[in-house]
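Undergrad: Structure incoming, see below.
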Number of protein chains: 2
Amino acid sequence: MAESRREQLYEELSLESRRYLAAYVLFNQAIADHLGLHPTDVQCLSLLTAEPGPLTVRQIADMTGLTTGSATRLVDRLERGGYVARTPDRQDRRRVLVTPVPERIARVTAVWDDLGQAWGTLLDGHTEDELEVITRHMRLAYDLSHEQMRHLRSLPKPD
Amino acid sequence: MAESRREQLYEELSLESRRYLAAYVLFNQAIADHLGLHPTDVQCLSLLTAEPGPLTVRQIADMTGLTTGSATRLVDRLERGGYVARTPDRQDRRRVLVTPVPERIARVTAVWDDLGQAWGTLLDGHTEDELEVITRHMRLAYDLSHEQMRHLRSLPKPD
DNA sequence: ATAGAAACACTGCGTCACGCAGCAAAGGGG
DNA sequence: CCCCTTTGCTGCGTGACGCAGTGTTTCTAT
């Protein structure tokens with residue numbers, strides 16, 4: 001029966017994605033350990049380098065799920081470590097722009113690139129169609145999770 | 001040229017997976033917030049329910065990346081909250097088996113199921129082949145990340 | 001058989017990331 | 001001009017975490 005076949009595929013994907021996501025958390029921790037940073041810091045650097053322009057403290061807070069206070073402390077740590085620099089925004093003088101420092105960031109990206117190479121060989125085993133399927137799925141999952149988060153936050157807490 | 005086409009697909013997937021993973025972290029936090037738990041606790045419950053049998057404290061420590069001491073505290077919290085129960089292992093009396101409490105866990109899975117339904121409709125948009133492609137990719141990425149972690153931990157820290 | 005080593009879970013202890021509440025400065029709207 | 005919001009920063013307290021050490025149980029080697 002085709003129905004149970006699909007069910008089985010759903011079950012497999014559910015299980016596999018959980019393992020996949022758990023592995024990512026561990027992986028992020030390992031990188032942070034290796035660099036002497038905190039997982040949150042690495043996450044922040046990942047977001048910073050993924051964006052084209054500089055980010056404000058508030059944007060960092062939103063993207064990491066921290067409060068603005070904690071985001072300030074986060075930027076403090078990264079600035080003290082020399083990973084980022086603070087720049088006042090001329091348009092809106094309330095804002096502070098956080099820009100990555102390329103030379104220092106290079107240490108982090110060096111680790112990523114080293115690992116990215118192995119990742120590349122993994123991707124080489126995929127056809128272009130398959131790559132598109134995976135990318136599309138992640139984009140959909142991304143959109144859905146954001147939608148779910150809004151839904152979740154609008155709900156009352158069961159306590 | 002097909003080469004740059006592939007490069008572009010790699011770039012897209014790289015970017016999309018980073019957003020995907022960042023969203024997962026936020027999502028996990030949102031669920032934890034909603035339930036009045038910590039992200040680590042939710043992660044642990046996710047792992048517990050994903051496994052068929054009970055886990056030992058050490059296994060939990062390994063799967064979450066915590067020390068055994070912190071894992072003990074984690075199980076303490078979950079036990080106090082009524083989510084899990086400690087059971088001594090008869091075969092190896094050093095070990096403590098941690099089993100989820102179905103009634104209490106139901107609260108968590110209820111959230112997941114509610115979200116899983118929306119996830120289901122997302123998956124309905126995929127063909128069976130596509131599902132297999134995605135699952136396979138995640139399994140490969142899982143294996144690779146574990147391999148990389150071993151590699152990373154064997155390296156000296158650049159400090 | 002028995003001493004030594006290893007594994008497991010647990011417990012003080014100190015550190016520090018985080019949320020909370022309050023603050024001043026800067027922007028936007030009536 | 002006042003009011004309200006937004007932005008980022010700062011005390012303060014909490015608590016999750018790593019570290020190191022303990023007792024108990026299991027494995028190993030001679």
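Starting from 1 in every chain, residues are counted up; chains themselves are A, B, ... following the order of the structure tokens, and ligands are numbered from 1 as listed.
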I'd like the contact shell of DA16 of chain D - 10 Å cut-off, only C-alpha atoms (C1' of nucleotides), skipping same-chain residues fewer than 2 positions apart - returned as a list in words.
TA: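 Result of the neighbour search: His38, Thr40, Ser70, Arg73 and Leu74 of chain B; DC16, DA17 and DC18 of chain C; DT14 and DG18 of chain D.
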Undergrad: Would you return as a PyMOL selection string the members of chain A that DSSP assigns to alpha helix (DSSP H) on this structure's backbone?
TA: chain A and resi 2-35+39-50+57-64+68-80+102-124+128-154
Undergrad: Go ahead and write the selection's residues with C-alpha atoms as a compact mmCIF listing (two decimals), in the first residue's frame.
TA:
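File written: out.txt
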# COMPACT_ATOMS: atom_id res chain seq x y z
CA ALA A 2 1.33 3.38 -1.03
CA GLU A 3 -0.08 5.12 2.03
CA SER A 4 2.03 3.29 4.56
CA ARG A 5 4.99 3.76 2.27
CA ARG A 6 4.60 7.50 2.57
CA GLU A 7 4.02 7.23 6.30
CA GLN A 8 7.22 5.32 6.60
CA LEU A 9 9.10 7.95 4.63
CA TYR A 10 7.70 10.67 6.88
CA GLU A 11 8.78 8.75 9.93
CA GLU A 12 12.26 8.27 8.54
CA LEU A 13 12.63 11.91 7.66
CA SER A 14 11.37 12.98 11.06
CA LEU A 15 13.85 10.76 12.82
CA GLU A 16 16.71 11.66 10.54
CA SER A 17 16.13 15.39 10.81
CA ARG A 18 16.15 15.15 14.58
CA ARG A 19 19.46 13.39 14.50
CA TYR A 20 20.68 15.90 11.94
CA LEU A 21 19.71 18.86 14.08
CA ALA A 22 21.14 17.30 17.24
CA ALA A 23 24.38 16.76 15.37
CA TYR A 24 24.44 20.39 14.35
CA VAL A 25 24.15 21.54 17.94
CA LEU A 26 27.02 19.28 18.94
CA PHE A 27 29.00 20.39 15.92
CA ASN A 28 28.53 24.04 16.78
CA GLN A 29 29.66 23.34 20.32
CA ALA A 30 32.74 21.56 19.06
CA ILE A 31 33.70 24.52 16.89
CA ALA A 32 33.09 26.89 19.80
CA ASP A 33 35.22 24.71 22.06
CA HIS A 34 37.93 24.59 19.47
CA LEU A 35 38.02 28.37 19.16
CA PRO A 39 28.13 28.41 20.97
CA THR A 40 26.09 31.60 20.87
CA ASP A 41 29.13 33.57 19.78
CA VAL A 42 29.81 31.19 16.91
CA GLN A 43 26.17 31.33 15.91
CA CYS A 44 26.36 35.12 15.89
CA LEU A 45 29.50 35.13 13.75
CA SER A 46 27.82 32.72 11.37
CA LEU A 47 24.90 35.10 11.00
CA LEU A 48 27.17 38.13 10.68
CA THR A 49 29.19 36.63 7.86
CA ALA A 50 26.07 35.32 6.14
CA VAL A 57 22.53 45.03 18.08
CA ARG A 58 18.80 44.65 17.88
CA GLN A 59 18.99 42.58 14.72
CA ILE A 60 21.50 40.31 16.40
CA ALA A 61 19.18 40.02 19.39
CA ASP A 62 16.27 39.05 17.16
CA MET A 63 18.24 36.58 15.09
CA THR A 64 19.69 34.81 18.11
CA THR A 68 18.96 43.38 23.77
CA GLY A 69 20.82 43.38 27.05
CA SER A 70 22.31 39.95 26.44
CA ALA A 71 23.05 40.90 22.85
CA THR A 72 25.04 43.87 24.13
CA ARG A 73 27.07 41.51 26.31
CA LEU A 74 27.51 39.19 23.34
CA VAL A 75 28.87 42.00 21.19
CA ASP A 76 31.05 43.03 24.13
CA ARG A 77 32.64 39.59 24.19
CA LEU A 78 33.16 39.50 20.44
CA GLU A 79 34.58 43.02 20.45
CA ARG A 80 36.93 42.19 23.31
CA PRO A 102 38.07 40.09 8.46
CA GLU A 103 41.53 39.21 9.79
CA ARG A 104 40.19 37.82 13.05
CA ILE A 105 37.16 36.22 11.46
CA ALA A 106 39.51 34.38 9.15
CA ARG A 107 40.35 32.02 12.00
CA VAL A 108 36.74 30.98 12.18
CA THR A 109 36.16 30.75 8.46
CA ALA A 110 39.38 28.73 8.19
CA VAL A 111 37.74 26.06 10.27
CA TRP A 112 34.56 26.28 8.24
CA ASP A 113 36.42 26.13 4.95
CA ASP A 114 38.40 23.13 6.07
CA LEU A 115 35.15 21.45 6.89
CA GLY A 116 33.45 22.95 3.88
CA GLN A 117 35.79 21.06 1.64
CA ALA A 118 34.59 17.75 3.00
CA TRP A 119 31.09 19.12 2.66
CA GLY A 120 31.83 19.83 -0.98
CA THR A 121 32.73 16.25 -1.68
CA LEU A 122 29.49 15.24 0.01
CA LEU A 123 27.56 17.55 -2.28
CA ASP A 124 29.42 16.25 -5.31
CA GLU A 128 21.66 19.36 -9.56
CA ASP A 129 18.03 18.40 -9.23
CA GLU A 130 18.69 16.84 -5.87
CA LEU A 131 20.49 19.94 -4.67
CA GLU A 132 17.51 22.03 -5.64
CA VAL A 133 15.15 19.68 -3.85
CA ILE A 134 17.15 19.90 -0.64
CA THR A 135 17.53 23.66 -0.82
CA ARG A 136 13.86 24.10 -1.50
CA HIS A 137 12.90 21.88 1.39
CA MET A 138 15.08 23.85 3.79
CA ARG A 139 13.63 27.12 2.60
CA LEU A 140 10.12 25.80 3.13
CA ALA A 141 11.02 24.45 6.55
CA TYR A 142 12.56 27.79 7.42
CA ASP A 143 9.41 29.67 6.48
CA LEU A 144 7.21 27.20 8.30
CA SER A 145 9.24 27.29 11.50
CA HIS A 146 9.02 31.07 11.58
CA GLU A 147 5.31 30.89 11.09
CA GLN A 148 5.06 28.30 13.85
CA MET A 149 7.10 30.47 16.17
CA ARG A 150 4.70 33.34 15.74
CA HIS A 151 1.84 30.94 16.39
CA LEU A 152 3.59 29.51 19.44
CA ARG A 153 4.26 32.89 20.99
CA SER A 154 0.67 33.98 20.54
Undergrad: Just list the residues in segment 43-107 of chain B DSSP gives strand (DSSP E) on the backbone, as a list of chain:residue names.
TA: B:Leu55, B:Thr56, B:Val84, B:Ala85, B:Arg86, B:Thr87, B:Pro88, B:Val96, B:Leu97, B:Val98, B:Thr99, B:Pro100
Undergrad: Up to 8 Å from chain D, what residues of chain B turn up? Count only C-alpha atoms (C1' of nucleotides) and give them as a ChimeraX atom specification.
TA: /B:67,70,92-94
Undergrad: Using only C-alpha atoms (C1' of nucleotides), I'd like a table of the residues in chain C that come within 12 Å of chain B; for each, show the closest atom pair and its distance in Å rounded to one decimal, ordered by chain and ascending number, as a tab-separated table.
TA:
residue	atom	partner	partner_atom	distance
C:DA7	C1'	B:Arg94	CA	8.3
C:DC8	C1'	B:Arg94	CA	5.3
C:DA9	C1'	B:Arg95	CA	7.1
C:DC10	C1'	B:Gly69	CA	7.2
C:DT11	C1'	B:Gly69	CA	8.5
C:DG12	C1'	B:Gly69	CA	11.5
C:DC18	C1'	B:His38	CA	11.8
Undergrad: Could you jot down the atom C1' of DG28 of chain C to atom CA of Arg90 of chain A separation for me, Å, one decimal place?
TA: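 Computing the Euclidean distance for atom C1' of DG28 of chain C and atom CA of Arg90 of chain A yields 16.9 Å.
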Undergrad: Report the distance between atom CA of Gly82 of chain A and atom CA of Leu37 of chain A in Å, rounded to one decimal place.
TA: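 Interatomic distance here is 12.2 Å.
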Undergrad: Please report the interatomic distance between atom CA of His126 of chain A and atom CA of His126 of chain B in Å with one decimal.
TA: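 If I compute the distance from atom CA of His126 of chain A to atom CA of His126 of chain B, I get 17.6 Å.
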Undergrad: Rank A:Gln91, A:Thr99, A:Arg86, A:Gly36 by their smallest atom-to-atom distance to chain B, using only C-alpha atoms, and report the top residue only.
TA: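 Once distances to chain B are computed over only C-alpha atoms, the minimum belongs to A:Gly36.
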